[in-house]
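Structure data follow from work-v9.txt (compact mmCIF, C-alpha atoms and all ligand atoms):
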```
# COMPACT_ATOMS: atom_id res chain seq x y z
CA MET D 1 72.32 24.71 42.08
CA SER D 2 69.48 24.24 39.57
CA THR D 3 67.46 21.02 39.61
CA PRO D 4 65.84 19.30 36.62
CA ASN D 5 62.08 19.92 36.29
CA GLN D 6 60.22 16.60 36.73
CA VAL D 7 56.85 18.13 35.77
CA LEU D 8 58.26 18.98 32.33
CA ALA D 9 59.76 15.48 32.11
CA SER D 10 56.32 13.95 32.75
CA ALA D 11 54.71 16.23 30.16
CA ALA D 12 57.36 15.22 27.62
CA GLN D 13 56.79 11.55 28.43
CA LEU D 14 53.04 11.92 27.83
CA HIS D 15 53.76 13.67 24.52
CA GLN D 16 56.07 10.83 23.43
CA ALA D 17 53.21 8.37 24.05
CA GLN D 18 51.01 10.32 21.58
CA LEU D 19 53.46 10.35 18.66
CA THR D 20 52.81 8.15 15.60
CA LYS D 21 54.98 5.18 16.56
CA PRO D 22 54.66 2.12 18.74
CA GLN D 23 55.39 2.96 22.40
CA GLY D 24 59.13 2.98 23.10
CA SER D 25 60.07 2.27 19.48
CA LEU D 26 62.53 5.18 19.33
CA GLY D 27 64.41 3.69 22.28
CA LYS D 28 67.15 5.89 23.70
CA LEU D 29 66.03 8.84 21.52
CA GLU D 30 62.81 9.02 23.54
CA GLU D 31 64.78 9.08 26.79
CA LEU D 32 66.97 11.85 25.42
CA ALA D 33 64.00 14.06 24.53
CA ILE D 34 62.53 13.59 28.02
CA TRP D 35 65.96 14.22 29.64
CA PHE D 36 66.33 17.53 27.80
CA ALA D 37 62.73 18.55 28.51
CA ALA D 38 63.49 18.39 32.24
CA ARG D 39 66.48 20.66 31.70
CA SER D 40 65.31 23.23 29.17
CA ASN D 41 62.23 24.99 30.66
CA SER D 42 60.02 23.39 28.04
CA ALA D 43 58.25 20.09 27.45
CA MET D 44 59.16 20.67 23.77
CA PRO D 45 62.89 21.54 23.85
CA ALA D 46 64.15 23.68 20.97
CA ARG D 47 67.09 22.73 18.74
CA LEU D 48 70.23 22.87 20.91
CA GLN D 49 72.85 25.59 20.52
CA PRO D 50 76.04 23.68 21.42
CA ALA D 51 79.32 25.23 22.55
CA ILE D 52 82.51 23.16 22.56
CA VAL D 53 85.33 24.26 24.85
CA VAL D 54 88.61 22.32 24.64
CA PHE D 55 90.93 22.78 27.64
CA ALA D 56 94.63 22.14 26.98
CA ALA D 57 97.56 21.60 29.33
CA ASP D 58 100.76 19.63 29.73
CA HIS D 59 101.73 16.94 32.22
CA GLY D 60 105.06 16.51 34.00
CA VAL D 61 104.39 12.78 34.14
CA ALA D 62 105.04 12.62 30.38
CA ALA D 63 108.72 12.39 31.40
CA GLU D 64 107.99 8.84 32.66
CA GLY D 65 107.49 7.49 29.12
CA VAL D 66 103.71 7.03 29.57
CA SER D 67 102.66 8.42 26.16
CA ALA D 68 103.38 7.40 22.57
CA PHE D 69 103.94 11.08 21.68
CA PRO D 70 106.25 13.85 22.93
CA ALA D 71 104.84 16.64 25.15
CA GLU D 72 105.34 19.30 22.44
CA VAL D 73 102.34 17.79 20.60
CA THR D 74 99.99 19.45 23.12
CA GLY D 75 100.90 22.95 21.92
CA GLN D 76 101.16 21.85 18.29
CA MET D 77 97.62 20.47 18.46
CA VAL D 78 96.35 23.72 20.02
CA ALA D 79 97.72 25.47 16.93
CA ASN D 80 95.96 22.85 14.78
CA PHE D 81 92.63 23.46 16.58
CA VAL D 82 92.99 27.18 15.91
CA ALA D 83 93.98 26.61 12.26
CA GLY D 84 90.92 24.39 11.76
CA GLY D 85 92.69 21.14 10.84
CA ALA D 86 91.98 18.93 13.86
CA ALA D 87 89.24 16.30 14.03
CA ILE D 88 87.24 18.50 16.40
CA SER D 89 87.57 21.45 14.00
CA VAL D 90 85.84 19.38 11.31
CA LEU D 91 83.25 17.87 13.65
CA ALA D 92 82.34 21.20 15.27
CA ARG D 93 81.72 22.66 11.81
CA GLU D 94 79.64 19.63 10.80
CA ALA D 95 77.52 19.89 13.93
CA GLY D 96 77.15 23.68 13.87
CA ALA D 97 78.83 24.07 17.27
CA SER D 98 81.08 26.95 18.33
CA LEU D 99 84.66 25.93 19.18
CA SER D 100 86.88 27.59 21.76
CA VAL D 101 90.25 26.48 23.10
CA VAL D 102 91.43 27.42 26.57
CA ASP D 103 95.16 27.01 27.31
CA VAL D 104 95.29 26.47 31.08
CA GLY D 105 98.89 25.23 31.12
CA VAL D 106 100.59 24.30 27.85
CA ALA D 107 104.33 24.09 28.56
CA SER D 108 105.80 24.58 25.08
CA ASN D 109 105.76 27.64 22.85
CA TYR D 110 103.40 27.38 19.94
CA ALA D 111 102.49 29.81 17.20
CA VAL D 112 98.91 30.35 16.07
CA THR D 113 97.88 31.66 12.67
CA ALA D 114 95.65 34.68 12.18
CA GLY D 115 92.13 34.25 10.78
CA SER D 116 91.50 31.31 13.04
CA SER D 117 88.63 28.85 13.04
CA ALA D 118 88.50 28.59 16.86
CA GLN D 119 88.76 31.24 19.54
CA LEU D 120 91.90 30.77 21.67
CA PHE D 121 92.17 31.95 25.27
CA ARG D 122 95.64 31.82 26.75
CA VAL D 123 95.29 31.73 30.53
CA PRO D 124 98.06 29.33 31.63
CA VAL D 125 98.06 28.69 35.38
CA ARG D 126 101.58 27.22 35.13
CA ALA D 127 103.67 25.63 32.38
CA GLY D 128 102.31 22.11 32.79
CA THR D 129 101.97 20.10 36.00
CA ALA D 130 104.82 18.60 38.02
CA ASN D 131 105.52 14.87 37.67
CA LEU D 132 102.70 13.33 39.72
CA ARG D 133 104.70 10.17 40.38
CA LEU D 134 107.18 12.20 42.41
CA GLU D 135 105.31 15.23 43.77
CA PRO D 136 101.89 16.94 43.83
CA ALA D 137 100.86 17.73 40.26
CA MET D 138 99.97 21.29 41.34
CA SER D 139 99.43 23.41 44.43
CA GLU D 140 95.99 23.93 45.96
CA GLN D 141 96.04 27.53 44.72
CA GLU D 142 96.89 26.48 41.15
CA CYS D 143 94.18 23.83 41.27
CA ASN D 144 91.59 26.38 42.41
CA LYS D 145 92.71 28.80 39.70
CA ALA D 146 92.30 26.21 36.93
CA TRP D 147 88.92 25.14 38.39
CA ALA D 148 87.74 28.79 38.43
CA ILE D 149 88.73 29.22 34.77
CA GLY D 150 86.52 26.23 34.00
CA VAL D 151 83.57 27.63 35.97
CA GLY D 152 83.99 30.97 34.20
CA SER D 153 84.13 29.25 30.80
CA ALA D 154 80.72 27.67 31.48
CA GLN D 155 79.10 30.84 32.74
CA GLU D 156 80.53 33.77 30.80
CA GLY D 157 80.60 35.18 27.26
CA LEU D 158 82.28 32.13 25.77
CA VAL D 159 79.03 30.19 25.94
CA ARG D 160 76.46 33.00 25.97
CA SER D 161 73.00 31.84 24.85
CA LYS D 162 74.29 28.28 24.38
CA THR D 163 72.03 25.47 25.56
CA LEU D 164 74.45 22.53 25.60
CA LEU D 165 78.01 22.68 26.90
CA ILE D 166 80.66 20.25 25.66
CA GLY D 167 84.04 20.03 27.33
CA GLY D 168 87.02 18.53 25.56
CA GLU D 169 90.71 18.21 26.36
CA MET D 170 94.17 18.02 24.84
CA GLY D 171 97.19 17.07 26.92
CA ILE D 172 99.96 14.59 26.26
CA GLY D 173 100.18 12.32 29.32
CA ASN D 174 96.67 13.06 30.57
CA THR D 175 95.38 9.46 30.41
CA THR D 176 97.86 8.72 33.23
CA ALA D 177 96.46 11.53 35.39
CA ALA D 178 92.87 10.57 34.53
CA ALA D 179 93.55 6.90 35.37
CA ALA D 180 95.06 7.85 38.73
CA LEU D 181 92.03 10.01 39.57
CA ILE D 182 89.55 7.32 38.59
CA CYS D 183 91.41 4.72 40.71
CA ALA D 184 91.52 7.10 43.68
CA LEU D 185 87.84 8.02 43.47
CA THR D 186 86.42 4.54 42.74
CA ASP D 187 88.87 2.24 44.55
CA ILE D 188 89.31 0.19 41.38
CA ASP D 189 92.75 -1.37 40.80
CA PRO D 190 95.03 0.46 38.29
CA ILE D 191 95.32 -2.81 36.31
CA ASP D 192 91.66 -2.41 35.32
CA ILE D 193 91.81 1.32 34.57
CA VAL D 194 95.16 2.11 32.95
CA GLY D 195 94.99 1.86 29.15
CA LEU D 196 97.05 2.50 26.06
CA GLY D 197 96.27 6.23 25.66
CA THR D 198 97.74 7.47 22.37
CA GLY D 199 98.89 3.92 21.57
CA ILE D 200 101.71 2.76 23.85
CA THR D 201 103.00 -0.82 23.79
CA ALA D 202 101.92 -3.49 26.28
CA GLN D 203 105.35 -3.15 27.93
CA SER D 204 104.99 0.62 28.30
CA ARG D 205 101.58 0.03 29.80
CA GLU D 206 103.16 -2.05 32.58
CA ASN D 207 105.36 0.94 33.40
CA LYS D 208 102.29 3.22 33.25
CA VAL D 209 100.43 1.00 35.76
CA GLN D 210 103.43 1.25 38.10
CA VAL D 211 103.56 5.05 37.67
CA VAL D 212 99.89 5.26 38.68
CA LYS D 213 100.43 2.93 41.66
CA ASP D 214 103.40 5.02 42.83
CA ALA D 215 101.43 8.26 42.44
CA LEU D 216 98.48 6.88 44.42
CA ALA D 217 100.74 5.64 47.24
CA ARG D 218 102.58 8.97 47.37
CA ALA D 219 99.36 11.02 47.44
CA ARG D 220 97.75 8.77 50.05
CA ALA D 221 100.82 9.18 52.27
CA ALA D 222 100.56 12.94 51.74
CA GLY D 223 97.02 12.78 53.18
CA ALA D 224 94.79 13.01 50.09
CA VAL D 225 91.14 12.44 51.10
CA THR D 226 88.71 14.67 49.20
CA ALA D 227 88.18 14.77 45.44
CA LYS D 228 89.94 18.15 45.31
CA ASP D 229 92.91 16.76 47.29
CA TRP D 230 93.26 13.99 44.70
CA LEU D 231 92.85 16.43 41.83
CA MET D 232 95.71 18.58 43.06
CA GLN D 233 97.90 15.55 43.82
CA VAL D 234 97.45 13.41 40.70
CA GLY D 235 95.26 15.44 38.31
CA GLY D 236 95.97 17.95 35.59
CA LEU D 237 95.27 21.60 34.92
CA GLU D 238 92.85 20.86 32.03
CA ILE D 239 91.16 18.20 34.19
CA ALA D 240 90.70 20.74 37.01
CA ALA D 241 89.29 23.27 34.50
CA LEU D 242 86.89 20.61 33.15
CA ALA D 243 85.70 19.72 36.67
CA GLY D 244 85.01 23.44 37.19
CA PHE D 245 83.32 23.62 33.77
CA TYR D 246 80.85 20.84 34.66
CA THR D 247 80.20 22.41 38.06
CA GLY D 248 79.62 25.80 36.44
CA ALA D 249 77.25 24.27 33.88
CA ALA D 250 75.21 22.58 36.63
CA GLU D 251 75.09 25.79 38.68
CA ALA D 252 73.80 27.67 35.62
CA GLY D 253 71.30 24.89 34.80
CA ILE D 254 72.85 24.08 31.41
CA PRO D 255 73.24 20.42 30.39
CA ALA D 256 76.81 19.23 29.73
CA LEU D 257 77.80 16.41 27.38
CA LEU D 258 80.85 14.35 28.34
CA ASP D 259 83.43 13.11 25.86
CA GLY D 260 85.97 10.35 26.57
CA PHE D 261 88.10 8.93 29.38
CA ILE D 262 89.67 12.17 30.57
CA THR D 263 86.50 14.26 30.61
CA THR D 264 84.78 11.45 32.54
CA ALA D 265 87.56 11.50 35.15
CA ALA D 266 86.99 15.27 35.48
CA ALA D 267 83.23 14.71 35.81
CA LEU D 268 83.89 12.16 38.56
CA VAL D 269 85.89 14.78 40.46
CA ALA D 270 83.08 17.34 40.00
CA VAL D 271 80.39 14.89 41.17
CA LYS D 272 82.40 13.64 44.18
CA ASN D 273 82.91 17.30 45.10
CA LYS D 274 79.23 18.23 44.59
CA PRO D 275 76.85 15.29 43.91
CA GLU D 276 74.09 17.48 42.35
CA VAL D 277 76.35 18.12 39.34
CA ALA D 278 75.42 14.58 38.19
CA ASP D 279 71.88 15.76 37.30
CA TRP D 280 73.27 17.84 34.42
CA LEU D 281 75.65 15.32 32.84
CA LEU D 282 75.05 13.19 29.76
CA ALA D 283 77.57 10.61 28.42
CA SER D 284 78.18 10.73 24.67
CA HIS D 285 80.29 7.62 24.11
CA CYS D 286 82.40 4.90 25.67
CA SER D 287 85.94 5.19 24.40
CA ASP D 288 88.42 2.38 23.81
CA GLU D 289 90.53 3.48 26.78
CA LYS D 290 90.45 0.52 29.19
CA GLY D 291 88.91 2.15 32.26
CA HIS D 292 86.33 4.36 30.59
CA ARG D 293 83.37 2.03 31.10
CA HIS D 294 84.21 1.70 34.81
CA ALA D 295 84.33 5.50 35.19
CA LEU D 296 80.98 5.86 33.41
CA ALA D 297 79.49 3.14 35.62
CA ALA D 298 80.74 4.96 38.72
CA LEU D 299 78.76 7.98 37.51
CA GLN D 300 75.77 5.74 36.65
CA LEU D 301 75.94 7.08 33.09
CA GLU D 302 75.05 5.08 29.99
CA PRO D 303 76.92 6.21 26.87
CA ILE D 304 74.96 6.87 23.66
CA LEU D 305 77.64 5.54 21.29
CA GLN D 306 80.48 3.02 21.33
CA LEU D 307 82.59 3.49 18.22
CA GLY D 308 86.06 2.47 19.36
CA LEU D 309 87.13 6.12 19.56
CA ARG D 310 90.14 7.12 21.68
CA LEU D 311 90.89 10.61 20.47
CA GLY D 312 89.56 13.10 23.02
CA GLU D 313 89.28 16.78 21.90
CA ALA D 314 85.46 16.46 22.45
CA SER D 315 85.29 14.45 19.21
CA GLY D 316 82.97 11.73 20.55
CA ALA D 317 80.62 14.32 22.03
CA ALA D 318 80.49 16.24 18.75
CA LEU D 319 79.71 13.02 16.86
CA THR D 320 76.69 12.45 19.12
CA LEU D 321 75.17 15.87 18.36
CA PRO D 322 73.27 14.89 15.18
CA LEU D 323 71.60 12.04 17.11
CA ILE D 324 70.62 14.30 19.99
CA GLN D 325 69.32 17.01 17.64
CA SER D 326 67.33 14.32 15.78
CA ALA D 327 65.84 13.05 19.06
CA LEU D 328 64.60 16.58 19.85
CA ALA D 329 63.34 17.23 16.30
CA LEU D 330 61.33 13.98 16.36
CA HIS D 331 59.87 14.98 19.72
CA ARG D 332 58.87 18.44 18.44
CA ASP D 333 57.81 17.71 14.88
CA MET D 334 56.25 14.23 14.61
CA ALA D 335 52.50 14.01 14.18
CA THR D 336 50.37 12.63 17.00
CA PHE D 337 47.96 9.71 16.49
CA SER D 338 45.03 12.15 16.70
CA SER D 339 46.52 14.84 14.41
CA ALA D 340 47.34 12.20 11.77
CA GLY D 341 44.02 10.36 12.22
CA ILE D 342 45.71 7.02 12.95
CA THR D 343 43.68 4.51 14.98
CA THR D 344 45.28 2.97 18.04
CA LYS D 345 42.72 0.22 18.86
O1 LIG M 1 89.15 10.64 25.30
C1 LIG M 1 89.67 9.52 25.37
O2 LIG M 1 89.05 8.52 25.72
C2 LIG M 1 91.14 9.43 25.01
C3 LIG M 1 91.77 8.20 25.06
C4 LIG M 1 93.10 8.13 24.70
C5 LIG M 1 93.80 9.28 24.35
N1 LIG M 1 93.17 10.49 24.34
C6 LIG M 1 93.92 11.73 23.94
O3 LIG M 1 95.30 11.44 23.89
C7 LIG M 1 96.05 12.27 24.75
C8 LIG M 1 96.46 11.54 25.96
O4 LIG M 1 97.06 10.30 25.67
P1 LIG M 1 98.44 9.91 26.39
O5 LIG M 1 98.82 8.61 25.80
O6 LIG M 1 99.39 11.01 26.02
O7 LIG M 1 98.14 9.87 27.85
C9 LIG M 1 95.16 13.43 25.13
O8 LIG M 1 95.43 14.53 24.31
C10 LIG M 1 93.75 12.90 24.93
O9 LIG M 1 92.92 13.87 24.35
C11 LIG M 1 91.86 10.56 24.64
C1 LIG M 2 98.09 13.90 17.13
C2 LIG M 2 97.28 13.87 18.41
C3 LIG M 2 96.00 14.46 18.44
C4 LIG M 2 95.27 14.44 19.63
N1 LIG M 2 94.07 14.90 19.97
C5 LIG M 2 93.83 14.63 21.23
N2 LIG M 2 94.87 14.00 21.72
C6 LIG M 2 95.79 13.84 20.78
C7 LIG M 2 97.05 13.25 20.77
C8 LIG M 2 97.79 13.26 19.58
C9 LIG M 2 99.14 12.62 19.58
```
Just dump the structure as structure tokens.
Amino acid sequence: MSTPNQVLASAAQLHQAQLTKPQGSLGKLEELAIWFAARSNSAMPARLQPAIVVFAADHGVAAEGVSAFPAEVTGQMVANFVAGGAAISVLAREAGASLSVVDVGVASNYAVTAGSSAQLFRVPVRAGTANLRLEPAMSEQECNKAWAIGVGSAQEGLVRSKTLLIGGEMGIGNTTAAAALICALTDIDPIDIVGLGTGITAQSRENKVQVVKDALARARAAGAVTAKDWLMQVGGLEIAALAGFYTGAAEAGIPALLDGFITTAAALVAVKNKPEVADWLLASHCSDEKGHRHALAALQLEPILQLGLRLGEASGAALTLPLIQSALALHRDMATFSSAGITTK
């Protein structure tokens, strides 16, 4: 596992103090430049080359009425990503990021058009998870397979020469799985974590809280202890792939930018499994999903933005890219007090 370089962080901090601005006046942007310096082999990090990888899969728990949309939307949205019409298609183009979609378990058939705007990899581990209220979402072997696809996605051709990895997800029903994982790994009550997902009613949310409580009780009785036990019991295939993706990024020494509620649940699994992964994670935004801020706090991460987003697909992470690139450009290109001949005392 790579570790951030504190000597480069100190050099970057000294450089920030010499730029033509009052100390600390660029706030969080200064912290970002120093954070990337420690993780990019240079006190003056170059413009980032971001890769967005959206993992898609279905959830058996959708049968419990926990989403405002039918499960077929997962596959239909994969087709939309490939056709270039989804929010993340637009935002990836705007930010100059590559976009890949990895189907690790979409249950429905979907047709993709030729001449696509995103690369699609179809590597389904199974056709969606089982209903996690009633049985383990997946077997240990399936969980490991999805995890390995995520590791491979962070370390192979998909992201070659990229310097920032962004994981996203698409999966109807996955806020239920993510909520269950966050509750299991933080010991916070489902009441404080379960949210409205795609926009369910308050009454449906009561049912969703009960579904999560039932799933947690079932998995606990089945002997779930480790983060990977919980992942296999109440997680999802795209969540397992994302946890592997963050682990693979950390192993390769490439920073990873989190998106919303579901990606943060996956990051929590990765960090509980291997604490050093935390050194490579950056939070882009705090979504409107009820438990997101608790999950970020459990990871000791402070989000850059809070815009009331609740979309997923890596959209919040992509929206943060211009700010991050600006932070690095300011760090590289601003004049120093001495080069500009500005007096400090
Ligand atoms: O990223 C978030 O914070 C977020 C919050 C709410 C919903 N979502 C997206 O909505 C889908 C899951 O919502 P649901 O209601 O089907 O569980 C899934 O495709 C996610 O990408 C994403
Ligand atoms: C249309 C739609 C787009 C999405 N993108 C991520 N999750 C989603 C859920 C729905 C329902």
| request: Please identify the residues whose atoms come within 6 Å of ligand LIG 1 (chain M), using only C-alpha atoms and all ligand atoms, and report them as a PyMOL selection string. | output: chain D and resi 67-68+169-176+197-198+260-262+287+289+310-313
Residues from the last selection, C-alpha atoms, saved as a short mmCIF file (atom, residue, chain, number, x, y, z; two decimals), in the frame of the given file:
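File out.cif, as written:
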```cif
data_model
loop_
_atom_site.label_atom_id
_atom_site.label_comp_id
_atom_site.auth_asym_id
_atom_site.auth_seq_id
_atom_site.Cartn_x
_atom_site.Cartn_y
_atom_site.Cartn_z
CA SER D 67 102.66 8.42 26.16
CA ALA D 68 103.38 7.40 22.57
CA GLU D 169 90.71 18.21 26.36
CA MET D 170 94.17 18.02 24.84
CA GLY D 171 97.19 17.07 26.92
CA ILE D 172 99.96 14.59 26.26
CA GLY D 173 100.18 12.32 29.32
CA ASN D 174 96.67 13.06 30.57
CA THR D 175 95.38 9.46 30.41
CA THR D 176 97.86 8.72 33.23
CA GLY D 197 96.27 6.23 25.66
CA THR D 198 97.74 7.47 22.37
CA GLY D 260 85.97 10.35 26.57
CA PHE D 261 88.10 8.93 29.38
CA ILE D 262 89.67 12.17 30.57
CA SER D 287 85.94 5.19 24.40
CA GLU D 289 90.53 3.48 26.78
CA ARG D 310 90.14 7.12 21.68
CA LEU D 311 90.89 10.61 20.47
CA GLY D 312 89.56 13.10 23.02
CA GLU D 313 89.28 16.78 21.90
#
```
| said: One number please: atom CA of D:Phe337 to atom CA of D:Gln6, in Å, one decimal. | reply: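 Interatomic distance here is 24.6 Å.
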| Nearest residue to ligand LIG 2 (chain M) from the set D:Thr201, D:Asn144, D:Ser315, D:Gln119 (distances using all atoms listed in the file) |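 Counting all atoms listed in the file, the residue closest to ligand LIG 2 (chain M) is D:Ser315.
If you measure from each of D:Ala51, D:Cys143, D:Ala137, D:Leu120 to D:Ser161 using only C-alpha atoms, the closest one turns out to be D:Ala51.
Near D:Ala224, within 12 Å and counting all atoms listed in the file, sit D:Pro136, D:Glu140, D:Leu181, D:Ala184, D:Leu185, D:Ala215, D:Leu216, D:Ala217, D:Arg218, D:Ala219, D:Asp229, D:Trp230, D:Leu231, D:Met232, D:Gln233, D:Val234, not including residues fewer than 5 positions from it in the same chain.
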Filtering to C-alpha atoms, could you give me those residues as a tab-separated table (two decimals), in the frame of the given file?
```tsv
chain	number	residue	atom	x	y	z
D	136	PRO	CA	101.89	16.94	43.83
D	140	GLU	CA	95.99	23.93	45.96
D	181	LEU	CA	92.03	10.01	39.57
D	184	ALA	CA	91.52	7.10	43.68
D	185	LEU	CA	87.84	8.02	43.47
D	215	ALA	CA	101.43	8.26	42.44
D	216	LEU	CA	98.48	6.88	44.42
D	217	ALA	CA	100.74	5.64	47.24
D	218	ARG	CA	102.58	8.97	47.37
D	219	ALA	CA	99.36	11.02	47.44
D	229	ASP	CA	92.91	16.76	47.29
D	230	TRP	CA	93.26	13.99	44.70
D	231	LEU	CA	92.85	16.43	41.83
D	232	MET	CA	95.71	18.58	43.06
D	233	GLN	CA	97.90	15.55	43.82
D	234	VAL	CA	97.45	13.41	40.70
```
| said: Using only C-alpha atoms, list the residues that have an atom at most 7 Å from (80.3, 9.5, 23.2), coordinates as in the file, as a PyMOL selection string. | reply: chain D and resi 259-260+283-286+303-306+316-317+320
| Could you list as a list of chain:residue names every residue that has an atom within 9 Å of (102.1, 22.6, 32.3), using the file's coordinates and counting all atoms listed in the file? | D:Ala57, D:Asp58, D:His59, D:Gly60, D:Val104, D:Gly105, D:Val106, D:Ala107, D:Ser108, D:Pro124, D:Val125, D:Arg126, D:Ala127, D:Gly128, D:Thr129, D:Ala130, D:Gly236, D:Leu237
| field | Computed interatomic separation between atom CA of D:Val82 and atom CA of D:Leu99 (Å) | value | 9.0 Å
Please write C-alpha atoms of stretch 104-128 of chain D, from the structure given just now, as a PDB file, in the first residue's frame.
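Saved the output as out-v5.pdb:
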```pdb
ATOM      1  CA  VAL D 104     -21.372  -6.096 -12.562  1.00  0.00           C
ATOM      2  CA  GLY D 105     -24.926  -7.406 -12.242  1.00  0.00           C
ATOM      3  CA  VAL D 106     -27.741  -5.692 -14.130  1.00  0.00           C
ATOM      4  CA  ALA D 107     -30.726  -8.062 -14.092  1.00  0.00           C
ATOM      5  CA  SER D 108     -32.725  -6.832 -17.094  1.00  0.00           C
ATOM      6  CA  ASN D 109     -31.881  -6.956 -20.777  1.00  0.00           C
ATOM      7  CA  TYR D 110     -30.907  -3.633 -22.241  1.00  0.00           C
ATOM      8  CA  ALA D 111     -29.792  -2.620 -25.700  1.00  0.00           C
ATOM      9  CA  VAL D 112     -26.903  -0.240 -26.289  1.00  0.00           C
ATOM     10  CA  THR D 113     -26.421   1.864 -29.396  1.00  0.00           C
ATOM     11  CA  ALA D 114     -23.270   1.798 -31.507  1.00  0.00           C
ATOM     12  CA  GLY D 115     -20.977   4.840 -31.612  1.00  0.00           C
ATOM     13  CA  SER D 116     -21.212   5.243 -27.877  1.00  0.00           C
ATOM     14  CA  SER D 117     -20.018   8.094 -25.690  1.00  0.00           C
ATOM     15  CA  ALA D 118     -18.913   5.785 -22.837  1.00  0.00           C
ATOM     16  CA  GLN D 119     -17.067   2.492 -22.867  1.00  0.00           C
ATOM     17  CA  LEU D 120     -19.270  -0.349 -21.568  1.00  0.00           C
ATOM     18  CA  PHE D 121     -17.867  -3.486 -19.938  1.00  0.00           C
ATOM     19  CA  ARG D 122     -20.365  -6.259 -19.380  1.00  0.00           C
ATOM     20  CA  VAL D 123     -19.006  -8.507 -16.630  1.00  0.00           C
ATOM     21  CA  PRO D 124     -22.124  -9.463 -14.631  1.00  0.00           C
ATOM     22  CA  VAL D 125     -21.327 -11.578 -11.572  1.00  0.00           C
ATOM     23  CA  ARG D 126     -25.020 -12.542 -11.287  1.00  0.00           C
ATOM     24  CA  ALA D 127     -28.314 -11.025 -12.417  1.00  0.00           C
ATOM     25  CA  GLY D 128     -28.760  -8.700  -9.441  1.00  0.00           C
TER      26      GLY D 128
END
```
